[in-house]
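The structure under discussion appears below in the form of structure tokens.
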Amino acid sequence: MSGFAFQARLGLGDFRLDAEFAADAPVVALVGPSGSGKTTILRLMAGILKPDAGRIVLGDRVVFDSAKGIDLPARRRAVGLVFQDGLLFPHMSVRQNLLYGAWVRRKGRPAGFERLVGLLELAPLLDRAPHRLSGGERQRVAIGRALLSDPDVLLMDEPVTAIDQEKRAEILPYLETLTRETAIPLLYVSHARAEIERLGAQIIHIERGRAAA
Amino acid sequence: MMSLGLEEWQAIGLTLKVATVAMLGSLPFALGVAWLLSYRSFPGKIAVEALISLPLVLPPVVTGYALLIVLGRHGVIGRFLDQQLGIVLAFRWTGAAVAAGVMGFPFMVRGIRLSFDAIDRDLEWAAATLGAPGWLVFVTVTLPLALPGVLSGAVLAFGRALGEFGATITFVSSIPGETRTIASSIYALLQTPAGDSAVLRLCLVSVALSFTALILSEALIRAGRRRSLR
């Protein structure tokens, strides 16, 4: 099985998450209104938040299991996480951002570097600073940075702000290519069901902290 | 009138030495304390914050006396340092650096803490999900992003150390060539007949040094603001 198995309970102030789902399609989409808990699920998977109880399997690895006392730290979860606004390191060039994951693991230039730079059309951007990129370009670099850290799964939070309608449209073709060209399962968080159907995604509905297939 | 005498140069050199050592010596501690205050919550945090700011509001002579009690040759820690390690701080220039460091500490911690507070925690999480252990996240993301605040806090503490008088004179007295800084020279000269022109010269030097430190600190804050805007 190379996909996602998620079961977790978490109370965060007024918000309660109690969700369970399993998915093994190459692309899985978490769909639901804002505030329903989609981003919280990504953060739980990545190890940024900790469930009160539950079990999380990413790819074929158990990264969290409260019954067995398993709780891998974020850096050992092999998760490629793409934040809503990209969150590139502002003090590094695009190239340094892309190579950060390989560098902190003391690996040389990652094998797929040239190919991924090609797929995401990043070559002309490599020496730029993040603040000189457009929103869509930033997002592409963030995807590249996540993939070059050699993850078992890719988790992607969609861009949500108003100006991002275009940005989303710009990103989708790249995601289509990536899911064809890499074997890494993708979990994509989205508001809009229509656009995600284009990726042939298995859809999980999230509503008020609960999941439904 | 405007040429500085030997003793005046000595006081200026000593002041710069004391302030530099005070700044560099307290920097690692300030980084640690600011990190704790910005990133961790723990019982008694508010008391720690108050304790660190205490030198800002206490009469400096009280701080100096406290240093004498704790770090003096017969003090709780001072005796240990003297007998076991052969380190004496009281009435030495190193003691002046300690006094200046303590007085500048609140400024340094504040500058660093504000810049830590301003960092998007998700940037650090991004580094962690890419495989970086905590210390590497700190060195490659937190510290570079906080650098303007760290430097401006350090420069401000340096400026505070330049002007330190009350705690210094209480803890290490005013020994020419050893602990007589610009401020204590000015005070000593004021007690001397015909010291007026030397007082004026040292005052001008003091203003120039402090003004430079403040300008530098402000420039660093602005540089940091520009960087966080883009």
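In the structure tokens, chains take letters A, B, ... by order of appearance, with residues numbered from 1 within each chain and ligands from 1 in the order shown.
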
When you get a sec, could you note down which chain B residues fall within 12 Å of chain A, using only C-alpha atoms, as a PyMOL selection string?
-> chain B and resi 119-137+139-147+224+226-230

Run DSSP on the backbone of this structure and report the residues of stretch 76-186 of chain A it assigns to helix (DSSP H, G or I), as an MDAnalysis selection string.
-> chainID A and resid 76 94:104 113:119 123:125 130:132 135:147 164:181

Atom-to-atom span, atom CA of A:Asp157 and atom CA of A:Gln84, Å |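 Atom-to-atom, atom CA of A:Asp157 and atom CA of A:Gln84 are spaced 5.0 Å apart.
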
What is the atom CA of B:Ala11 to atom CA of B:Ser197 distance in Å?
->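 Atom CA of B:Ser197 lies 15.5 Å from atom CA of B:Ala11.
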
A:Asp18: which residues within 8 Å, counting only C-alpha atoms, same-chain residues fewer than 2 positions away excluded, as a list in words?
-> Gln7, Ala8, Arg9, Leu10, Arg16, Glu20, Gly209 and Arg210 of chain A

Compile the contact shell of A:Arg140 as a list in words: residues with an atom at most 10 Å away, counting only C-alpha atoms, same-chain residues fewer than 6 positions apart removed.
->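 Answer for this query is Val82, Gly86, Val117, Leu119, Leu120, Glu121, Leu122, Ser134, Ala146, Lys167, Glu170, Ile171, Tyr174 and Leu175 of chain A.
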